[in-house]
$ cat my_file-v6.cif   # mmCIF, C-alpha atoms
data_coords
#
loop_
_atom_site.label_atom_id
_atom_site.label_comp_id
_atom_site.auth_asym_id
_atom_site.auth_seq_id
_atom_site.Cartn_x
_atom_site.Cartn_y
_atom_site.Cartn_z
CA MET A 1 10.55 3.43 10.03
CA SER A 2 9.76 5.66 7.11
CA ALA A 3 11.45 4.93 3.80
CA LEU A 4 9.56 7.57 1.89
CA GLY A 5 10.35 10.86 3.53
CA LEU A 6 7.43 10.65 5.94
CA TYR A 7 7.80 12.30 9.34
CA LEU A 8 9.96 10.53 11.91
CA PRO A 9 9.29 11.92 15.40
CA GLY A 10 12.26 13.40 17.22
CA SER A 11 13.42 16.26 19.42
CA SER A 12 16.61 17.31 17.60
CA PRO A 13 17.32 20.96 16.76
CA VAL A 14 16.34 20.19 13.16
CA HIS A 15 13.00 18.77 14.34
CA ARG A 16 12.41 21.82 16.53
CA ALA A 17 13.30 24.37 13.83
CA PRO A 18 10.26 26.22 12.44
CA ALA A 19 8.73 24.60 9.36
CA GLY A 20 8.83 27.92 7.51
CA ALA A 21 12.59 28.23 8.08
CA LYS A 22 13.16 24.69 6.81
CA LEU A 23 11.06 25.33 3.71
CA THR A 24 13.00 28.54 3.11
CA VAL A 25 16.29 26.61 3.32
CA LEU A 26 14.87 24.05 0.90
CA VAL A 27 13.84 26.70 -1.62
CA ALA A 28 17.20 28.48 -1.21
CA GLY A 29 18.97 25.14 -1.69
CA GLY A 30 17.00 24.51 -4.87
CA VAL A 31 17.83 27.95 -6.26
CA GLY A 32 21.45 27.75 -5.12
CA SER A 33 21.92 24.30 -6.66
CA VAL A 34 22.17 25.88 -10.12
CA LEU A 35 25.51 27.33 -9.00
CA LEU A 36 27.01 23.89 -8.40
CA ASP A 37 29.12 23.06 -11.46
CA SER A 38 31.85 20.66 -10.35
CA PRO A 39 31.91 17.24 -8.64
CA ARG A 40 33.92 18.76 -5.77
CA GLN A 41 31.26 21.40 -5.07
CA VAL A 42 28.53 18.75 -5.27
CA LEU A 43 30.44 16.55 -2.85
CA ALA A 44 30.65 19.46 -0.40
CA ALA A 45 26.89 20.05 -0.76
CA VAL A 46 26.16 16.35 -0.13
CA GLY A 47 28.36 16.50 2.96
CA LEU A 48 26.52 19.59 4.20
CA VAL A 49 23.11 17.96 3.78
CA LEU A 50 24.32 14.76 5.46
CA LEU A 51 25.45 16.90 8.39
CA GLY A 52 21.83 17.97 8.61
CA TYR A 53 20.81 14.29 8.89
CA VAL A 54 23.35 13.77 11.65
CA ALA A 55 22.08 16.88 13.47
CA ALA A 56 18.54 15.49 13.13
CA GLY A 57 19.62 12.20 14.70
CA LEU A 58 18.89 10.30 11.48
CA SER A 59 21.17 7.51 10.36
CA LEU A 60 22.97 7.49 7.03
CA ARG A 61 20.94 4.39 6.20
CA VAL A 62 17.78 6.52 6.39
CA ALA A 63 19.48 9.07 4.14
CA ALA A 64 20.47 6.38 1.64
CA ARG A 65 16.90 5.08 1.58
CA GLN A 66 15.64 8.48 0.41
CA LEU A 67 17.76 8.10 -2.72
CA ARG A 68 16.21 4.80 -3.76
CA PRO A 69 13.46 6.36 -5.90
CA LEU A 70 16.22 8.22 -7.76
CA LEU A 71 17.93 5.01 -8.86
CA TRP A 72 16.47 4.62 -12.36
CA ILE A 73 16.28 8.25 -13.38
CA GLY A 74 19.71 8.87 -11.84
CA THR A 75 21.24 5.98 -13.74
CA ALA A 76 19.66 7.05 -17.03
CA THR A 77 20.78 10.66 -16.51
CA ALA A 78 24.31 9.56 -15.63
CA VAL A 79 24.61 7.31 -18.70
CA PHE A 80 23.34 10.08 -20.95
CA HIS A 81 25.81 12.61 -19.59
CA VAL A 82 28.76 10.22 -19.59
CA VAL A 83 28.13 9.60 -23.30
CA VAL A 84 27.33 13.20 -24.28
CA THR A 85 29.24 15.49 -21.91
CA GLY A 86 31.66 13.32 -19.91
CA TRP A 87 31.84 11.79 -16.42
CA GLN A 88 32.41 15.08 -14.59
CA ARG A 89 29.16 16.58 -15.86
CA ALA A 90 27.39 13.28 -15.16
CA ALA A 91 28.61 13.29 -11.55
CA THR A 92 27.60 16.94 -11.12
CA VAL A 93 24.06 16.57 -12.52
CA VAL A 94 23.27 13.33 -10.66
CA GLY A 95 24.89 14.72 -7.52
CA VAL A 96 22.73 17.86 -7.62
CA LEU A 97 19.63 15.68 -8.00
CA ALA A 98 20.74 13.64 -4.97
CA VAL A 99 21.37 16.79 -2.91
CA LEU A 100 17.91 18.14 -3.66
CA VAL A 101 16.17 14.84 -2.90
CA LEU A 102 18.13 14.46 0.35
CA LEU A 103 17.37 18.03 1.38
CA ALA A 104 13.65 17.73 0.61
CA ALA A 105 13.49 14.42 2.49
CA LEU A 106 15.28 15.97 5.47
CA VAL A 107 12.53 18.59 5.65
CA THR A 108 9.67 16.08 5.46
CA LEU A 109 11.39 13.58 7.78
CA THR A 110 11.75 16.19 10.52
CA THR A 111 8.55 18.21 10.09
CA ARG A 112 4.96 17.24 10.81
CA THR A 113 2.80 17.60 7.71
CA THR A 114 0.42 19.90 9.59
CA ASP A 115 3.35 22.21 10.39
CA LEU A 116 4.42 22.16 6.74
CA VAL A 117 0.85 22.92 5.69
CA ASP A 118 0.64 25.77 8.20
CA ALA A 119 3.88 27.22 6.81
CA VAL A 120 2.71 26.89 3.21
CA VAL A 121 -0.70 28.41 4.04
CA SER A 122 1.00 31.26 5.86
CA GLY A 123 3.45 31.83 2.99
CA CYS A 124 0.66 31.81 0.41
CA ARG A 125 -1.60 34.24 2.30
CA PRO A 126 -0.58 37.22 0.11
CA LEU A 127 -1.98 35.29 -2.87
CA ARG A 128 -5.48 35.90 -1.53
CA VAL A 129 -5.51 39.15 -3.52
CA LEU A 130 -5.33 36.95 -6.64
CA HIS A 131 -8.31 34.92 -5.30
CA VAL A 132 -6.04 31.96 -4.48
CA ASP A 133 -7.15 29.98 -1.41
CA PRO A 134 -4.01 29.28 0.69
CA GLU A 135 -5.78 26.43 2.53
CA ARG A 136 -6.28 24.67 -0.80
CA ILE A 137 -2.56 24.95 -1.59
CA GLY A 138 -1.77 23.57 1.86
CA LEU A 139 -4.17 20.69 1.26
CA VAL A 140 -2.47 19.90 -2.06
CA VAL A 141 0.90 19.71 -0.25
CA ALA A 142 -0.56 17.40 2.42
CA LEU A 143 -2.21 15.16 -0.17
CA GLY A 144 1.00 15.03 -2.20
CA ILE A 145 2.93 13.74 0.81
CA ARG A 146 0.12 11.34 1.77
CA CYS A 147 -0.17 9.92 -1.75
CA VAL A 148 3.47 8.80 -2.05
CA PRO A 149 3.03 5.64 0.08
CA VAL A 150 -0.40 5.05 -1.48
CA VAL A 151 0.99 4.95 -5.02
CA VAL A 152 3.95 2.82 -3.91
CA ALA A 153 1.52 0.33 -2.32
CA LEU A 154 -0.64 0.29 -5.45
CA ALA A 155 2.46 -0.37 -7.59
CA GLU A 156 3.43 -3.29 -5.33
CA GLU A 157 -0.09 -4.73 -5.58
CA VAL A 158 -0.01 -4.52 -9.38
CA ARG A 159 3.41 -6.16 -9.48
CA ASP A 160 2.24 -8.94 -7.13
CA ALA A 161 -0.85 -9.51 -9.29
CA GLN A 162 1.37 -9.79 -12.37
CA ARG A 163 3.65 -12.30 -10.65
CA ALA A 164 0.68 -14.31 -9.35
CA ARG A 165 -0.59 -14.66 -12.92
CA GLY A 166 2.84 -15.57 -14.22
CA LEU A 167 3.15 -12.48 -16.39
CA THR A 168 6.59 -11.32 -17.40
CA ALA A 169 7.66 -7.75 -16.75
CA SER A 170 5.87 -5.54 -19.25
CA PRO A 171 5.80 -1.75 -18.91
CA ARG A 172 2.30 -1.53 -20.39
CA ALA A 173 0.87 -4.35 -18.27
CA PHE A 174 2.28 -2.53 -15.25
CA ALA A 175 1.43 1.07 -16.14
CA VAL A 176 -2.18 0.64 -17.26
CA PRO A 177 -3.53 -1.04 -14.09
CA LEU A 178 -1.44 1.27 -11.92
CA ILE A 179 -2.93 4.35 -13.60
CA VAL A 180 -6.46 2.91 -13.40
CA ARG A 181 -6.05 2.06 -9.70
CA SER A 182 -4.52 5.45 -8.96
CA LEU A 183 -7.44 7.21 -10.64
CA ARG A 184 -9.91 5.05 -8.69
CA HIS A 185 -8.11 5.92 -5.48
CA ALA A 186 -8.18 9.61 -6.41
CA ASP A 187 -11.93 9.32 -7.00
CA ALA A 188 -12.48 7.67 -3.60
CA LEU A 189 -10.23 10.21 -1.91
CA GLY A 190 -12.18 13.05 -3.49
CA GLU A 191 -15.40 11.59 -2.10
CA ALA A 192 -13.78 11.24 1.33
CA LEU A 193 -12.57 14.84 1.22
CA ILE A 194 -16.10 16.05 0.54
CA ALA A 195 -17.44 13.81 3.33
CA ARG A 196 -14.86 15.28 5.70
CA GLY A 197 -15.82 18.85 4.93
CA VAL A 198 -13.28 20.02 2.37
CA ASP A 199 -15.93 21.80 0.33
CA ASP A 200 -17.10 23.71 3.43
CA MET B 1 -32.46 11.63 17.39
CA PRO B 2 -32.30 13.59 14.11
CA LEU B 3 -35.04 12.92 11.60
CA ILE B 4 -33.84 11.76 8.19
CA GLU B 5 -36.39 12.21 5.42
CA VAL B 6 -36.09 10.62 2.00
CA ASP B 7 -39.02 11.74 -0.15
CA GLY B 8 -39.72 10.32 -3.60
CA VAL B 9 -36.07 9.75 -4.39
CA THR B 10 -34.93 8.31 -7.68
CA HIS B 11 -31.28 8.34 -8.66
CA ARG B 12 -29.65 7.52 -11.97
CA TYR B 13 -26.06 7.17 -13.13
CA GLY B 14 -26.43 7.96 -16.82
CA ASP B 15 -29.17 5.68 -18.13
CA ARG B 16 -28.93 3.30 -15.20
CA THR B 17 -31.45 3.74 -12.40
CA VAL B 18 -29.84 2.73 -9.10
CA LEU B 19 -32.60 3.92 -6.77
CA ALA B 20 -36.27 4.17 -7.67
CA ASP B 21 -39.10 5.89 -5.79
CA VAL B 22 -37.63 5.58 -2.31
CA ASP B 23 -39.79 7.08 0.44
CA VAL B 24 -38.68 6.62 4.02
CA ARG B 25 -38.34 8.57 7.27
CA VAL B 26 -36.05 7.39 10.01
CA GLY B 27 -35.58 8.80 13.49
CA GLU B 28 -34.47 5.70 15.38
CA ARG B 29 -31.11 5.40 17.10
CA ARG B 30 -29.91 2.30 15.21
CA ILE B 31 -30.92 1.61 11.62
CA GLY B 32 -29.54 -1.20 9.48
CA VAL B 33 -29.50 -1.29 5.69
CA VAL B 34 -29.07 -4.59 3.84
CA GLY B 35 -29.30 -5.74 0.26
CA ALA B 36 -27.43 -7.64 -2.42
CA ASN B 37 -24.47 -6.12 -4.25
CA GLY B 38 -25.78 -3.48 -6.64
CA SER B 39 -29.12 -3.17 -4.82
CA GLY B 40 -28.64 0.58 -4.27
CA LYS B 41 -27.90 0.54 -0.54
CA SER B 42 -24.53 2.33 -0.84
CA THR B 43 -26.08 5.02 -3.03
CA PHE B 44 -28.84 5.36 -0.42
CA ALA B 45 -26.19 5.83 2.28
CA ARG B 46 -24.38 8.46 0.19
CA LEU B 47 -27.62 10.40 -0.22
CA LEU B 48 -27.82 10.99 3.50
CA ASN B 49 -24.88 13.37 3.81
CA GLY B 50 -25.11 14.86 0.35
CA LEU B 51 -22.26 12.89 -1.24
CA VAL B 52 -24.89 11.99 -3.83
CA VAL B 53 -27.67 14.41 -4.68
CA PRO B 54 -30.76 12.58 -5.98
CA SER B 55 -31.78 12.93 -9.63
CA THR B 56 -35.33 13.53 -8.41
CA GLY B 57 -36.86 13.80 -4.96
CA ARG B 58 -35.60 15.27 -1.71
CA VAL B 59 -33.35 14.16 1.13
CA ALA B 60 -33.31 16.15 4.37
CA VAL B 61 -31.69 15.77 7.77
CA ASP B 62 -33.44 17.67 10.56
CA GLY B 63 -35.13 19.71 7.87
CA LEU B 64 -31.89 20.60 6.06
CA ASP B 65 -32.01 19.71 2.38
CA THR B 66 -28.88 17.95 1.12
CA ARG B 67 -29.26 19.74 -2.21
CA THR B 68 -29.22 23.27 -0.81
CA ASP B 69 -27.68 22.86 2.66
CA GLY B 70 -24.97 20.30 1.86
CA ARG B 71 -22.36 21.94 4.09
CA GLU B 72 -24.62 21.98 7.16
CA VAL B 73 -25.80 18.44 6.48
CA ARG B 74 -22.21 17.14 6.27
CA ARG B 75 -21.43 18.78 9.60
CA ARG B 76 -24.24 16.77 11.16
CA VAL B 77 -23.80 13.53 9.26
CA GLY B 78 -20.42 11.78 9.43
CA PHE B 79 -19.60 9.13 6.84
CA CYS B 80 -17.43 6.05 7.26
CA PHE B 81 -16.39 4.24 4.06
CA THR B 82 -15.78 0.55 3.43
CA ASP B 83 -12.11 1.02 2.67
CA PRO B 84 -10.48 3.11 5.40
CA ASP B 85 -7.42 3.64 3.19
CA ALA B 86 -9.54 5.74 0.86
CA GLN B 87 -10.51 8.18 3.59
CA ILE B 88 -7.11 8.70 5.20
CA VAL B 89 -6.09 12.15 4.07
CA MET B 90 -3.07 12.99 6.20
CA PRO B 91 0.20 11.04 6.51
CA THR B 92 0.19 10.40 10.27
CA VAL B 93 -2.52 9.11 12.59
CA ALA B 94 -2.92 12.21 14.80
CA GLU B 95 -2.81 14.55 11.82
CA ASP B 96 -5.54 12.59 10.09
CA VAL B 97 -7.80 12.68 13.15
CA GLY B 98 -7.22 16.42 13.41
CA PHE B 99 -7.91 17.07 9.71
CA GLY B 100 -11.68 17.56 10.06
CA LEU B 101 -11.23 19.88 13.05
CA ARG B 102 -8.77 22.02 11.10
CA ARG B 103 -11.26 22.32 8.25
CA ARG B 104 -13.90 23.46 10.75
CA GLY B 105 -11.60 26.12 12.17
CA VAL B 106 -11.37 24.60 15.66
CA PRO B 107 -8.61 26.41 17.62
CA LYS B 108 -5.33 24.48 17.74
CA HIS B 109 -5.19 23.84 21.48
CA GLU B 110 -8.79 22.61 21.53
CA ALA B 111 -8.19 20.47 18.45
CA ARG B 112 -5.12 18.89 20.05
CA ALA B 113 -7.09 17.98 23.18
CA ARG B 114 -9.95 16.50 21.16
CA VAL B 115 -7.53 14.51 18.97
CA ASP B 116 -5.78 13.11 22.06
CA THR B 117 -9.13 12.10 23.57
CA ALA B 118 -10.24 10.44 20.31
CA LEU B 119 -6.94 8.57 19.91
CA ALA B 120 -7.21 7.24 23.46
CA ALA B 121 -10.85 6.24 22.98
CA TYR B 122 -10.06 4.23 19.84
CA GLY B 123 -6.86 2.57 21.06
CA LEU B 124 -4.58 4.67 18.87
CA ALA B 125 -2.81 6.79 21.50
CA ASP B 126 0.45 4.89 21.03
CA HIS B 127 0.30 5.41 17.26
CA ALA B 128 -0.24 9.18 17.17
CA ASP B 129 2.88 9.94 15.12
CA HIS B 130 2.91 6.69 13.13
CA PRO B 131 2.38 6.74 9.36
CA ALA B 132 -1.30 5.98 8.89
CA HIS B 133 -0.66 3.65 5.94
CA LEU B 134 1.36 1.29 8.16
CA LEU B 135 -1.54 0.55 10.54
CA SER B 136 -3.30 -2.82 10.41
CA GLY B 137 -6.70 -3.05 8.71
CA GLY B 138 -8.53 -2.94 12.05
CA GLN B 139 -6.51 0.02 13.27
CA LYS B 140 -7.18 1.85 10.01
CA GLN B 141 -10.92 1.39 10.47
CA MET B 142 -10.56 2.65 14.06
CA LEU B 143 -8.67 5.64 12.69
CA ALA B 144 -11.44 6.27 10.16
CA LEU B 145 -14.02 6.13 12.96
CA ALA B 146 -11.97 8.41 15.21
CA ALA B 147 -11.45 10.90 12.37
CA VAL B 148 -15.19 11.12 11.75
CA LEU B 149 -16.37 11.06 15.37
CA VAL B 150 -13.87 13.66 16.62
CA THR B 151 -15.99 16.23 14.77
CA GLU B 152 -19.00 15.13 16.89
CA PRO B 153 -21.59 14.54 14.18
CA ALA B 154 -25.17 13.83 15.26
CA VAL B 155 -25.51 11.00 12.76
CA LEU B 156 -22.99 8.40 11.62
CA VAL B 157 -23.50 6.65 8.30
CA MET B 158 -21.30 3.59 7.83
CA ASP B 159 -21.01 1.85 4.47
CA GLU B 160 -19.95 -1.75 5.08
CA PRO B 161 -17.26 -0.82 7.63
CA THR B 162 -16.47 -4.45 8.49
CA THR B 163 -16.29 -5.94 5.00
CA LEU B 164 -12.48 -5.79 4.84
CA LEU B 165 -11.91 -6.80 8.47
CA ASP B 166 -11.25 -10.14 10.15
CA VAL B 167 -13.73 -11.47 12.72
CA ARG B 168 -11.94 -9.98 15.73
CA ASN B 169 -11.70 -6.50 14.24
CA ALA B 170 -15.26 -6.69 12.94
CA GLU B 171 -16.42 -7.43 16.49
CA LEU B 172 -14.30 -4.55 17.79
CA VAL B 173 -15.93 -2.13 15.35
CA SER B 174 -19.34 -3.56 16.23
CA ARG B 175 -18.76 -2.97 19.98
CA MET B 176 -17.54 0.56 19.30
CA VAL B 177 -20.63 1.31 17.25
CA ALA B 178 -22.93 -0.14 19.92
CA ASP B 179 -21.57 2.31 22.51
CA LEU B 180 -21.87 5.43 20.37
CA PRO B 181 -24.35 8.10 21.46
CA GLN B 182 -24.93 9.06 17.82
CA GLN B 183 -27.72 7.94 15.56
CA VAL B 184 -26.11 5.23 13.41
CA LEU B 185 -27.18 4.03 9.99
CA LEU B 186 -25.17 0.92 9.16
CA VAL B 187 -25.00 -0.63 5.69
CA THR B 188 -23.76 -4.18 6.03
CA HIS B 189 -23.65 -7.74 4.77
CA HIS B 190 -22.83 -8.97 8.27
CA LEU B 191 -26.32 -9.58 9.61
CA GLU B 192 -25.09 -10.38 13.14
CA LEU B 193 -24.11 -6.71 13.50
CA LEU B 194 -27.79 -5.80 13.41
CA ALA B 195 -28.49 -7.36 16.83
CA GLY B 196 -29.95 -4.64 19.03
CA PHE B 197 -30.92 -2.44 16.08
CA GLU B 198 -34.39 -0.96 16.04
CA ARG B 199 -35.10 -0.99 12.34
CA VAL B 200 -33.70 -2.54 9.16
CA LEU B 201 -34.28 -1.41 5.57
CA VAL B 202 -33.92 -3.99 2.80
CA PHE B 203 -33.06 -2.89 -0.73
CA ASP B 204 -33.46 -4.94 -3.88
CA GLN B 205 -32.77 -3.73 -7.43
CA GLY B 206 -32.90 -0.08 -6.38
CA ARG B 207 -36.15 -0.34 -4.44
CA LEU B 208 -36.86 -0.33 -0.73
CA VAL B 209 -38.66 -3.65 -0.48
CA CYS B 210 -38.87 -4.13 3.29
CA ASP B 211 -38.80 -1.80 6.28
CA ASP B 212 -39.23 -3.66 9.54
CA VAL B 213 -37.71 -4.73 12.85
CA PRO B 214 -34.50 -6.79 12.40
CA PRO B 215 -35.90 -10.37 12.65
CA ALA B 216 -38.60 -9.76 10.05
CA ALA B 217 -36.37 -7.67 7.74
CA VAL B 218 -33.49 -10.16 7.90
CA ALA B 219 -35.89 -13.03 7.15
CA HIS B 220 -37.16 -11.08 4.13
CA TYR B 221 -33.58 -10.45 2.98
CA ARG B 222 -32.68 -14.14 3.33
CA ARG B 223 -35.69 -15.09 1.20
CA LEU B 224 -34.53 -12.65 -1.46
CA MET B 225 -31.07 -14.21 -1.47
CA ARG B 226 -32.31 -17.75 -2.12
#
$ encode --input "my_file-v6.cif" --output "structure tokens"
Amino acid sequence: MSALGLYLPGSSPVHRAPAGAKLTVLVAGGVGSVLLDSPRQVLAAVGLVLLGYVAAGLSLRVAARQLRPLLWIGTATAVFHVVVTGWQRAATVVGVLAVLVLLAALVTLTTRTTDLVDAVVSGCRPLRVLHVDPERIGLVVALGIRCVPVVVALAEEVRDAQRARGLTASPRAFAVPLIVRSLRHADALGEALIARGVDD
Amino acid sequence: MPLIEVDGVTHRYGDRTVLADVDVRVGERRIGVVGANGSGKSTFARLLNGLVVPSTGRVAVDGLDTRTDGREVRRRVGFCFTDPDAQIVMPTVAEDVGFGLRRRGVPKHEARARVDTALAAYGLADHADHPAHLLSGGQKQMLALAAVLVTEPAVLVMDEPTTLLDVRNAELVSRMVADLPQQVLLVTHHLELLAGFERVLVFDQGRLVCDDVPPAAVAHYRRLMR
């Protein structure tokens, strides 16, 4: 079971919808989200996206899990807005963030990465006139999705190492090894990409 | 079998010389490479498909120079890393196996058939749509092998592929390697994997110090380790 927006196989209408159409809905949702300016509108948008989860045969628990990474930044944003602009603005801003995360996760949960990459490559083909390689953009998308669980695993390893050595929670003691390990992984991944023909 | 030529190769990382004056030609089907940590054996392995280009000297596979024909060399020489996690590029198992075929422009229907065959051959057919990062260590190494071999390279270079595996999975990888039709160059600390190999190269402090049949080369390596 994927907790990180990674593809969950299925045969629902949402799964079968073309990747390009789903990406278009996602982009339209992102653009349209700026029009949401009240908690009621946000609630309606959340309901609409959750309907998408139901149509995809995904449980609300899966949907809730997609919001977990939003916990800290969502809480901080909510506190800031409650203090500065009031609870209604806080609910709207955090709600819009939740809608966008849920919508993006719905796309990745129901679409194979290769299909997403194909759609991105196809959409970026006109950029060839600007000497942009669409395959490279597609590869960046694929690597971005692939690297989410990698970085999460690295963070867990660093946290375990800290606990094993009896260290108390320290942002610096956590961030420095995580960045170093992530860079090492990036280095190894770069070597693997060359070995697997990415420079061809 | 392809002929791998390493002529007068020296390689440095900054001021540090990691390989010095290596001259060797190999055309056997199974070649082992052993040496202590830091002896230069992994750098030697990386030279063979152009991941590392030597500071001086020449490396060629079937006459193709890794310096000037890197793309062609990498199509002929597959590389399997110690840590399979580092070479998984795509999120799911089937997508990762198909990655190399996509890069080579293999038509989709043909790629799908070859991926299915590879997944079945390496015991991953039931995991095709599973997130690759959730596989066990042994399955990840099988995935790494499948992802390299699906592109049908003529040579397979493996850099300590069993170091992170338990005994059972190490034996599984060993059996898989034994059955491969490819020329295999295996860098390893697990000397039992070299049974049935035709030739073993021993590296020490960046130099090729022994090049012999496995019993003699392994005995030389053991003496070095004392």
$ resolve_selection --input "my_file-v6.cif" --expression "the PyMOL selection byres ((chain B and resi 50) around 7)" --output "list in words"
Arg46, Leu47, Leu48, Asn49, Leu51, Val52, Val53, Thr66, Arg67, Gly70 and Arg74 of chain B
$ interface_residues --input "my_file-v6.cif" --of "chain A" --to "chain B" --cutoff "10 Å" --atoms "all atoms listed in the file" --output "number ranges by chain"
A: 1-2, 6-9, 112-115, 135, 139, 142-150, 153, 184-200
$ closest_residue --input "my_file-v6.cif" --among "A:Ala55, A:Asp37, A:Arg128, A:Leu183" --to "Val93 (chain A)" --atoms "all atoms listed in the file"
A:Asp37
$ resolve_selection --input "my_file-v6.cif" --expression "the PyMOL selection byres ((chain B and resi 119) around 12)" --output "MDAnalysis selection string"
chainID B and resid 93:98 112:118 120:129 139:140 142:150
$ write_last_selection --input "my_file-v6.cif" --atoms "C-alpha atoms" --output "PDB file, in the coordinates of the input"
ATOM      1  CA  VAL B  93      -2.520   9.110  12.590  1.00  0.00           C
ATOM      2  CA  ALA B  94      -2.920  12.210  14.800  1.00  0.00           C
ATOM      3  CA  GLU B  95      -2.810  14.550  11.820  1.00  0.00           C
ATOM      4  CA  ASP B  96      -5.540  12.590  10.090  1.00  0.00           C
ATOM      5  CA  VAL B  97      -7.800  12.680  13.150  1.00  0.00           C
ATOM      6  CA  GLY B  98      -7.220  16.420  13.410  1.00  0.00           C
ATOM      7  CA  ARG B 112      -5.120  18.890  20.050  1.00  0.00           C
ATOM      8  CA  ALA B 113      -7.090  17.980  23.180  1.00  0.00           C
ATOM      9  CA  ARG B 114      -9.950  16.500  21.160  1.00  0.00           C
ATOM     10  CA  VAL B 115      -7.530  14.510  18.970  1.00  0.00           C
ATOM     11  CA  ASP B 116      -5.780  13.110  22.060  1.00  0.00           C
ATOM     12  CA  THR B 117      -9.130  12.100  23.570  1.00  0.00           C
ATOM     13  CA  ALA B 118     -10.240  10.440  20.310  1.00  0.00           C
ATOM     14  CA  ALA B 120      -7.210   7.240  23.460  1.00  0.00           C
ATOM     15  CA  ALA B 121     -10.850   6.240  22.980  1.00  0.00           C
ATOM     16  CA  TYR B 122     -10.060   4.230  19.840  1.00  0.00           C
ATOM     17  CA  GLY B 123      -6.860   2.570  21.060  1.00  0.00           C
ATOM     18  CA  LEU B 124      -4.580   4.670  18.870  1.00  0.00           C
ATOM     19  CA  ALA B 125      -2.810   6.790  21.500  1.00  0.00           C
ATOM     20  CA  ASP B 126       0.450   4.890  21.030  1.00  0.00           C
ATOM     21  CA  HIS B 127       0.300   5.410  17.260  1.00  0.00           C
ATOM     22  CA  ALA B 128      -0.240   9.180  17.170  1.00  0.00           C
ATOM     23  CA  ASP B 129       2.880   9.940  15.120  1.00  0.00           C
ATOM     24  CA  GLN B 139      -6.510   0.020  13.270  1.00  0.00           C
ATOM     25  CA  LYS B 140      -7.180   1.850  10.010  1.00  0.00           C
ATOM     26  CA  MET B 142     -10.560   2.650  14.060  1.00  0.00           C
ATOM     27  CA  LEU B 143      -8.670   5.640  12.690  1.00  0.00           C
ATOM     28  CA  ALA B 144     -11.440   6.270  10.160  1.00  0.00           C
ATOM     29  CA  LEU B 145     -14.020   6.130  12.960  1.00  0.00           C
ATOM     30  CA  ALA B 146     -11.970   8.410  15.210  1.00  0.00           C
ATOM     31  CA  ALA B 147     -11.450  10.900  12.370  1.00  0.00           C
ATOM     32  CA  VAL B 148     -15.190  11.120  11.750  1.00  0.00           C
ATOM     33  CA  LEU B 149     -16.370  11.060  15.370  1.00  0.00           C
ATOM     34  CA  VAL B 150     -13.870  13.660  16.620  1.00  0.00           C
TER      35      VAL B 150
END
$ atom_distance --input "my_file-v6.cif" --atom1 "CA of Val213 (chain B)" --atom2 "CA of Ser39 (chain B)"
19.7 Å
$ resolve_selection --input "my_file-v6.cif" --expression "the PyMOL selection byres ((chain B and resi 189) around 9)" --output "list in words"
Val33, Val34, Gly35, Ala36, Glu160, Thr162, Thr163, Val187, Thr188, His190, Leu191, Glu192 and Leu193 of chain B
$ atom_distance --input "my_file-v6.cif" --atom1 "CA of Asp159 (chain B)" --atom2 "CA of His220 (chain B)"
20.7 Å
$ atom_distance --input "my_file-v6.cif" --atom1 "CA of Arg199 (chain B)" --atom2 "CA of Pro214 (chain B)"
5.8 Å
$ residues_around --input "my_file-v6.cif" --residues "His81 (chain A)" --least-positions-apart "6" --cutoff "9 Å" --atoms "all atoms listed in the file" --output "PyMOL selection string"
chain A and resi 87-91+93
$ residues_around --input "my_file-v6.cif" --residues "Leu67 (chain A)" --least-positions-apart "6" --cutoff "8 Å" --atoms "only C-alpha atoms" --output "number ranges by chain"
A: 98, 101-102
$ residues_around --input "my_file-v6.cif" --residues "region 44-54 of chain A" --least-positions-apart "6" --cutoff "8 Å" --atoms "only C-alpha atoms" --output "list of chain:residue names"
A:Val14, A:Leu60, A:Ala63, A:Gly95, A:Ala98, A:Val99, A:Leu102, A:Leu103, A:Leu106
$ build_atoms --input "my_file-v6.cif" --residues "region 106-113 of chain A" --atoms "N, CA and C atoms" --output "PDB file, in the coordinates of the input"
ATOM      1  N   LEU A 106      14.928  15.533   4.105  1.00  0.00           N
ATOM      2  CA  LEU A 106      15.280  15.970   5.470  1.00  0.00           C
ATOM      3  C   LEU A 106      14.187  16.865   6.047  1.00  0.00           C
ATOM      4  N   VAL A 107      13.622  17.706   5.189  1.00  0.00           N
ATOM      5  CA  VAL A 107      12.530  18.590   5.650  1.00  0.00           C
ATOM      6  C   VAL A 107      11.309  17.761   6.043  1.00  0.00           C
ATOM      7  N   THR A 108      10.901  16.840   5.166  1.00  0.00           N
ATOM      8  CA  THR A 108       9.670  16.080   5.460  1.00  0.00           C
ATOM      9  C   THR A 108       9.885  15.061   6.575  1.00  0.00           C
ATOM     10  N   LEU A 109      11.114  14.548   6.707  1.00  0.00           N
ATOM     11  CA  LEU A 109      11.390  13.580   7.780  1.00  0.00           C
ATOM     12  C   LEU A 109      11.357  14.229   9.163  1.00  0.00           C
ATOM     13  N   THR A 110      11.623  15.534   9.215  1.00  0.00           N
ATOM     14  CA  THR A 110      11.750  16.190  10.520  1.00  0.00           C
ATOM     15  C   THR A 110      10.622  17.193  10.792  1.00  0.00           C
ATOM     16  N   THR A 111       9.628  17.225   9.917  1.00  0.00           N
ATOM     17  CA  THR A 111       8.550  18.210  10.090  1.00  0.00           C
ATOM     18  C   THR A 111       7.196  17.529   9.951  1.00  0.00           C
ATOM     19  N   ARG A 112       6.323  17.772  10.922  1.00  0.00           N
ATOM     20  CA  ARG A 112       4.960  17.240  10.810  1.00  0.00           C
ATOM     21  C   ARG A 112       4.292  17.872   9.596  1.00  0.00           C
ATOM     22  N   THR A 113       3.462  17.080   8.913  1.00  0.00           N
ATOM     23  CA  THR A 113       2.800  17.600   7.710  1.00  0.00           C
ATOM     24  C   THR A 113       1.932  18.805   8.066  1.00  0.00           C
TER      25      THR A 113
END
